[in-house]
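Just final10.txt here, compact mmCIF, N, CA and C atoms:
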# COMPACT_ATOMS: atom_id res chain seq x y z
N MET A 1 0.25 -0.71 15.20
CA MET A 1 0.38 -1.40 13.93
C MET A 1 1.13 -0.49 12.96
N ALA A 2 2.06 -1.05 12.23
CA ALA A 2 2.84 -0.30 11.26
C ALA A 2 1.95 0.25 10.16
N LEU A 3 2.16 1.49 9.81
CA LEU A 3 1.45 2.18 8.73
C LEU A 3 -0.06 2.31 8.97
N GLU A 4 -0.50 2.23 10.20
CA GLU A 4 -1.92 2.34 10.52
C GLU A 4 -2.50 3.68 10.06
N LYS A 5 -1.79 4.78 10.32
CA LYS A 5 -2.26 6.11 9.92
C LYS A 5 -2.38 6.19 8.39
N GLU A 6 -1.41 5.61 7.68
CA GLU A 6 -1.43 5.65 6.22
C GLU A 6 -2.62 4.85 5.66
N ILE A 7 -2.92 3.73 6.27
CA ILE A 7 -4.07 2.92 5.83
C ILE A 7 -5.37 3.68 6.10
N GLU A 8 -5.46 4.34 7.24
CA GLU A 8 -6.63 5.17 7.54
C GLU A 8 -6.78 6.28 6.50
N THR A 9 -5.68 6.91 6.14
CA THR A 9 -5.70 7.97 5.13
C THR A 9 -6.18 7.42 3.79
N TYR A 10 -5.65 6.27 3.39
CA TYR A 10 -6.08 5.65 2.12
C TYR A 10 -7.59 5.39 2.14
N ASN A 11 -8.08 4.80 3.21
CA ASN A 11 -9.51 4.49 3.30
C ASN A 11 -10.36 5.76 3.28
N ARG A 12 -9.90 6.80 3.95
CA ARG A 12 -10.62 8.07 3.99
C ARG A 12 -10.68 8.71 2.60
N GLU A 13 -9.60 8.60 1.83
CA GLU A 13 -9.48 9.27 0.53
C GLU A 13 -9.86 8.37 -0.65
N LEU A 14 -10.27 7.14 -0.40
CA LEU A 14 -10.48 6.17 -1.46
C LEU A 14 -11.45 6.66 -2.53
N GLN A 15 -12.56 7.23 -2.15
CA GLN A 15 -13.54 7.67 -3.16
C GLN A 15 -12.92 8.69 -4.12
N ALA A 16 -12.12 9.59 -3.62
CA ALA A 16 -11.46 10.59 -4.47
C ALA A 16 -10.38 9.94 -5.34
N LEU A 17 -9.75 8.89 -4.84
CA LEU A 17 -8.67 8.23 -5.57
C LEU A 17 -9.18 7.28 -6.67
N LEU A 18 -10.42 6.86 -6.60
CA LEU A 18 -10.92 5.85 -7.53
C LEU A 18 -10.85 6.27 -9.00
N SER A 19 -10.76 7.56 -9.27
CA SER A 19 -10.59 8.00 -10.66
C SER A 19 -9.23 7.57 -11.21
N GLU A 20 -8.33 7.17 -10.32
CA GLU A 20 -6.98 6.70 -10.69
C GLU A 20 -6.84 5.20 -10.45
N GLN A 21 -7.96 4.46 -10.44
CA GLN A 21 -7.94 3.04 -10.12
C GLN A 21 -6.91 2.29 -10.96
N GLY A 22 -6.18 1.40 -10.28
CA GLY A 22 -5.14 0.60 -10.93
C GLY A 22 -3.76 1.20 -10.79
N LYS A 23 -3.69 2.48 -10.46
CA LYS A 23 -2.40 3.14 -10.24
C LYS A 23 -2.02 3.00 -8.77
N PHE A 24 -0.89 3.59 -8.39
CA PHE A 24 -0.35 3.43 -7.05
C PHE A 24 -0.22 4.78 -6.35
N ALA A 25 -0.79 4.87 -5.15
CA ALA A 25 -0.71 6.09 -4.35
C ALA A 25 0.43 5.97 -3.35
N ILE A 26 1.11 7.09 -3.11
CA ILE A 26 2.11 7.17 -2.05
C ILE A 26 1.47 7.94 -0.91
N ILE A 27 1.51 7.35 0.28
CA ILE A 27 0.86 7.96 1.44
C ILE A 27 1.84 7.97 2.60
N THR A 28 1.94 9.12 3.26
CA THR A 28 2.71 9.22 4.49
C THR A 28 1.88 10.01 5.49
N GLY A 29 1.68 9.42 6.65
CA GLY A 29 0.83 10.06 7.66
C GLY A 29 -0.56 10.28 7.11
N ASP A 30 -1.01 11.53 7.13
CA ASP A 30 -2.35 11.84 6.61
C ASP A 30 -2.30 12.54 5.26
N GLN A 31 -1.18 12.37 4.52
CA GLN A 31 -1.01 13.02 3.23
C GLN A 31 -0.84 12.02 2.10
N ILE A 32 -1.49 12.31 0.97
CA ILE A 32 -1.26 11.57 -0.27
C ILE A 32 -0.20 12.37 -1.02
N LEU A 33 0.95 11.78 -1.24
CA LEU A 33 2.05 12.51 -1.89
C LEU A 33 1.96 12.49 -3.40
N GLY A 34 1.23 11.53 -3.96
CA GLY A 34 1.10 11.47 -5.40
C GLY A 34 0.56 10.12 -5.83
N VAL A 35 0.23 10.04 -7.12
CA VAL A 35 -0.28 8.82 -7.72
C VAL A 35 0.55 8.53 -8.95
N TYR A 36 0.99 7.27 -9.11
CA TYR A 36 1.91 6.89 -10.19
C TYR A 36 1.41 5.63 -10.90
N ALA A 37 1.79 5.52 -12.16
CA ALA A 37 1.31 4.42 -13.01
C ALA A 37 1.86 3.07 -12.58
N THR A 38 3.09 3.04 -12.08
CA THR A 38 3.70 1.76 -11.71
C THR A 38 4.14 1.76 -10.24
N TYR A 39 4.19 0.58 -9.68
CA TYR A 39 4.68 0.40 -8.31
C TYR A 39 6.11 0.89 -8.19
N GLU A 40 6.94 0.56 -9.18
CA GLU A 40 8.35 0.94 -9.15
C GLU A 40 8.52 2.45 -9.12
N ASP A 41 7.75 3.16 -9.95
CA ASP A 41 7.81 4.62 -9.95
C ASP A 41 7.39 5.18 -8.60
N ALA A 42 6.32 4.64 -8.03
CA ALA A 42 5.82 5.12 -6.75
C ALA A 42 6.85 4.90 -5.63
N VAL A 43 7.47 3.73 -5.60
CA VAL A 43 8.48 3.45 -4.57
C VAL A 43 9.67 4.40 -4.72
N LYS A 44 10.12 4.62 -5.93
CA LYS A 44 11.26 5.53 -6.16
C LYS A 44 10.93 6.93 -5.67
N VAL A 45 9.78 7.45 -6.05
CA VAL A 45 9.38 8.78 -5.61
C VAL A 45 9.19 8.81 -4.10
N GLY A 46 8.62 7.74 -3.54
CA GLY A 46 8.45 7.66 -2.09
C GLY A 46 9.77 7.81 -1.36
N TYR A 47 10.80 7.10 -1.80
CA TYR A 47 12.12 7.22 -1.17
C TYR A 47 12.73 8.59 -1.42
N ASP A 48 12.50 9.15 -2.61
CA ASP A 48 13.02 10.49 -2.91
C ASP A 48 12.39 11.53 -1.99
N LYS A 49 11.08 11.42 -1.74
CA LYS A 49 10.37 12.40 -0.92
C LYS A 49 10.45 12.15 0.57
N CYS A 50 10.49 10.87 0.97
CA CYS A 50 10.39 10.52 2.39
C CYS A 50 11.69 10.02 2.99
N GLY A 51 12.64 9.64 2.16
CA GLY A 51 13.86 9.05 2.69
C GLY A 51 13.53 7.78 3.44
N LEU A 52 14.01 7.67 4.68
CA LEU A 52 13.76 6.48 5.48
C LEU A 52 12.54 6.61 6.39
N THR A 53 11.80 7.71 6.26
CA THR A 53 10.55 7.86 7.00
C THR A 53 9.53 6.89 6.40
N PRO A 54 8.80 6.17 7.23
CA PRO A 54 7.84 5.19 6.69
C PRO A 54 6.81 5.83 5.75
N PHE A 55 6.53 5.13 4.67
CA PHE A 55 5.48 5.53 3.74
C PHE A 55 4.84 4.28 3.17
N LEU A 56 3.63 4.45 2.64
CA LEU A 56 2.87 3.34 2.08
C LEU A 56 2.69 3.56 0.59
N VAL A 57 2.96 2.53 -0.19
CA VAL A 57 2.62 2.53 -1.61
C VAL A 57 1.47 1.54 -1.75
N LYS A 58 0.33 2.03 -2.21
CA LYS A 58 -0.90 1.22 -2.23
C LYS A 58 -1.56 1.30 -3.59
N ARG A 59 -1.88 0.13 -4.15
CA ARG A 59 -2.64 0.10 -5.41
C ARG A 59 -4.05 0.59 -5.13
N ILE A 60 -4.52 1.48 -5.96
CA ILE A 60 -5.86 2.04 -5.82
C ILE A 60 -6.84 1.07 -6.48
N GLN A 61 -7.76 0.55 -5.67
CA GLN A 61 -8.75 -0.38 -6.20
C GLN A 61 -10.03 -0.31 -5.38
N ALA A 62 -11.15 -0.43 -6.07
CA ALA A 62 -12.47 -0.34 -5.42
C ALA A 62 -12.72 -1.54 -4.52
N VAL A 63 -12.27 -2.72 -4.94
CA VAL A 63 -12.45 -3.94 -4.17
C VAL A 63 -11.08 -4.45 -3.76
N GLU A 64 -10.88 -4.53 -2.46
CA GLU A 64 -9.60 -4.98 -1.91
C GLU A 64 -9.44 -6.49 -2.12
N GLN A 65 -8.28 -6.90 -2.60
CA GLN A 65 -8.00 -8.32 -2.79
C GLN A 65 -7.11 -8.82 -1.66
N VAL A 66 -7.48 -9.94 -1.06
CA VAL A 66 -6.67 -10.54 -0.01
C VAL A 66 -5.43 -11.15 -0.66
N GLN A 67 -4.25 -10.83 -0.10
CA GLN A 67 -3.01 -11.31 -0.70
C GLN A 67 -2.11 -12.01 0.30
N TYR A 68 -2.68 -12.52 1.37
CA TYR A 68 -1.90 -13.26 2.36
C TYR A 68 -2.77 -14.30 3.03
N PHE A 69 -2.12 -15.23 3.68
CA PHE A 69 -2.82 -16.26 4.44
C PHE A 69 -2.45 -16.11 5.90
N SER A 70 -3.36 -16.51 6.74
CA SER A 70 -3.11 -16.49 8.17
C SER A 70 -2.17 -17.64 8.53
N ARG A 71 -1.32 -17.42 9.46
CA ARG A 71 -0.45 -18.51 9.91
C ARG A 71 -1.20 -19.53 10.73
N ASP A 72 -2.47 -19.24 11.04
CA ASP A 72 -3.27 -20.15 11.84
C ASP A 72 -3.90 -21.28 11.02
N LEU A 73 -3.72 -21.24 9.70
CA LEU A 73 -4.26 -22.32 8.87
C LEU A 73 -3.52 -23.62 9.20
N LYS A 74 -4.18 -24.73 9.11
CA LYS A 74 -3.62 -26.02 9.53
C LYS A 74 -3.01 -26.81 8.36
N PHE A 75 -2.33 -26.13 7.45
CA PHE A 75 -1.68 -26.81 6.35
C PHE A 75 -0.24 -27.12 6.75
N PRO A 76 0.27 -28.28 6.35
CA PRO A 76 1.66 -28.60 6.67
C PRO A 76 2.61 -27.68 5.90
N CYS A 77 3.69 -27.34 6.52
CA CYS A 77 4.70 -26.52 5.88
C CYS A 77 5.83 -27.44 5.41
N HIS A 78 6.12 -27.40 4.13
CA HIS A 78 7.17 -28.25 3.58
C HIS A 78 8.41 -27.41 3.31
N MET A 79 9.27 -27.35 4.29
CA MET A 79 10.51 -26.58 4.16
C MET A 79 11.67 -27.54 4.10
N SER A 80 12.55 -27.30 3.17
CA SER A 80 13.75 -28.14 3.11
C SER A 80 14.88 -27.45 3.84
N ALA A 81 15.69 -28.23 4.50
CA ALA A 81 16.80 -27.68 5.30
C ALA A 81 18.01 -27.42 4.46

Exercise: express the given structure as structure tokens:
Amino acid sequence: MALEKEIETYNRELQALLSEQGKFAIITGDQILGVYATYEDAVKVGYDKCGLTPFLVKRIQAVEQVQYFSRDLKFPCHMSA
């Protein structure tokens, strides 16, 4: 799974990161590279530090919010051609 190590690192470090709740952490492998006030700042620094090496920008939050739906839901898809 893509970014699996980074997600594990986030979960492992979450308690320490909660003092920065609402900000965005940059994670690559098992390292937290920094915490930034905005997503845009975090992405910019992530590319500056990591280049094209995969990295995760994750909002720090105590309660994870679901932000996607499964494709297995039985709702009709209305796509126009």

* Please identify which residues in chain A DSSP calls strand (DSSP E or B) from the backbone, and express them as an NGL selection string. => :A and (24-28 or 31-36 or 56-59)

* To do: Determine the nearest neighbour of Thr38 of chain A from the options A:Lys23, A:Lys5, A:Arg12, A:Lys58, counting only C-alpha atoms.
  => A:Lys23

* One decimal, Å: what's the distance from atom N of Ile27 of chain A over to atom CA of Gly46 of chain A, could you say? =>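 These atoms are spaced 7.3 Å apart.
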
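Take atom CA of Ala25 of chain A and atom CA of Cys50 of chain A: the distance between them is 13.7 Å.
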
* Excluding same-chain residues fewer than 5 positions from Ala42 of chain A, what lies within 7 Å of it counting only N, CA and C atoms, as a list of chain:residue names? ->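 Listing them by chain and then by number gives A:Phe24, A:Ala25, A:Ile26, A:Val35, A:Tyr36, A:Ala37, A:Tyr47, A:Val57.
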
Could you take the residues named above and write them with N, CA and C atoms, as a PDB file, keeping the file's coordinate frame?
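Output contents, as saved in result33.pdb:
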ATOM      1  N   PHE A  24      -0.890   3.590  -8.390  1.00  0.00           N
ATOM      2  CA  PHE A  24      -0.350   3.430  -7.050  1.00  0.00           C
ATOM      3  C   PHE A  24      -0.220   4.780  -6.350  1.00  0.00           C
ATOM      4  N   ALA A  25      -0.790   4.870  -5.150  1.00  0.00           N
ATOM      5  CA  ALA A  25      -0.710   6.090  -4.350  1.00  0.00           C
ATOM      6  C   ALA A  25       0.430   5.970  -3.350  1.00  0.00           C
ATOM      7  N   ILE A  26       1.110   7.090  -3.110  1.00  0.00           N
ATOM      8  CA  ILE A  26       2.110   7.170  -2.050  1.00  0.00           C
ATOM      9  C   ILE A  26       1.470   7.940  -0.910  1.00  0.00           C
ATOM     10  N   VAL A  35       0.230  10.040  -7.120  1.00  0.00           N
ATOM     11  CA  VAL A  35      -0.280   8.820  -7.720  1.00  0.00           C
ATOM     12  C   VAL A  35       0.550   8.530  -8.950  1.00  0.00           C
ATOM     13  N   TYR A  36       0.990   7.270  -9.110  1.00  0.00           N
ATOM     14  CA  TYR A  36       1.910   6.890 -10.190  1.00  0.00           C
ATOM     15  C   TYR A  36       1.410   5.630 -10.900  1.00  0.00           C
ATOM     16  N   ALA A  37       1.790   5.520 -12.160  1.00  0.00           N
ATOM     17  CA  ALA A  37       1.310   4.420 -13.010  1.00  0.00           C
ATOM     18  C   ALA A  37       1.860   3.070 -12.580  1.00  0.00           C
ATOM     19  N   TYR A  47      10.800   7.100  -1.800  1.00  0.00           N
ATOM     20  CA  TYR A  47      12.120   7.220  -1.170  1.00  0.00           C
ATOM     21  C   TYR A  47      12.730   8.590  -1.420  1.00  0.00           C
ATOM     22  N   VAL A  57       2.960   2.530  -0.190  1.00  0.00           N
ATOM     23  CA  VAL A  57       2.620   2.530  -1.610  1.00  0.00           C
ATOM     24  C   VAL A  57       1.470   1.540  -1.750  1.00  0.00           C
TER      25      VAL A  57
END

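The two atoms in question, atom CA of Ile7 of chain A and atom CA of Leu56 of chain A, are spaced 7.9 Å apart.
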
* alpha helix (DSSP H) call set, DSSP backbone run, segment 4-38 of chain A, as a count of residues only -> 14
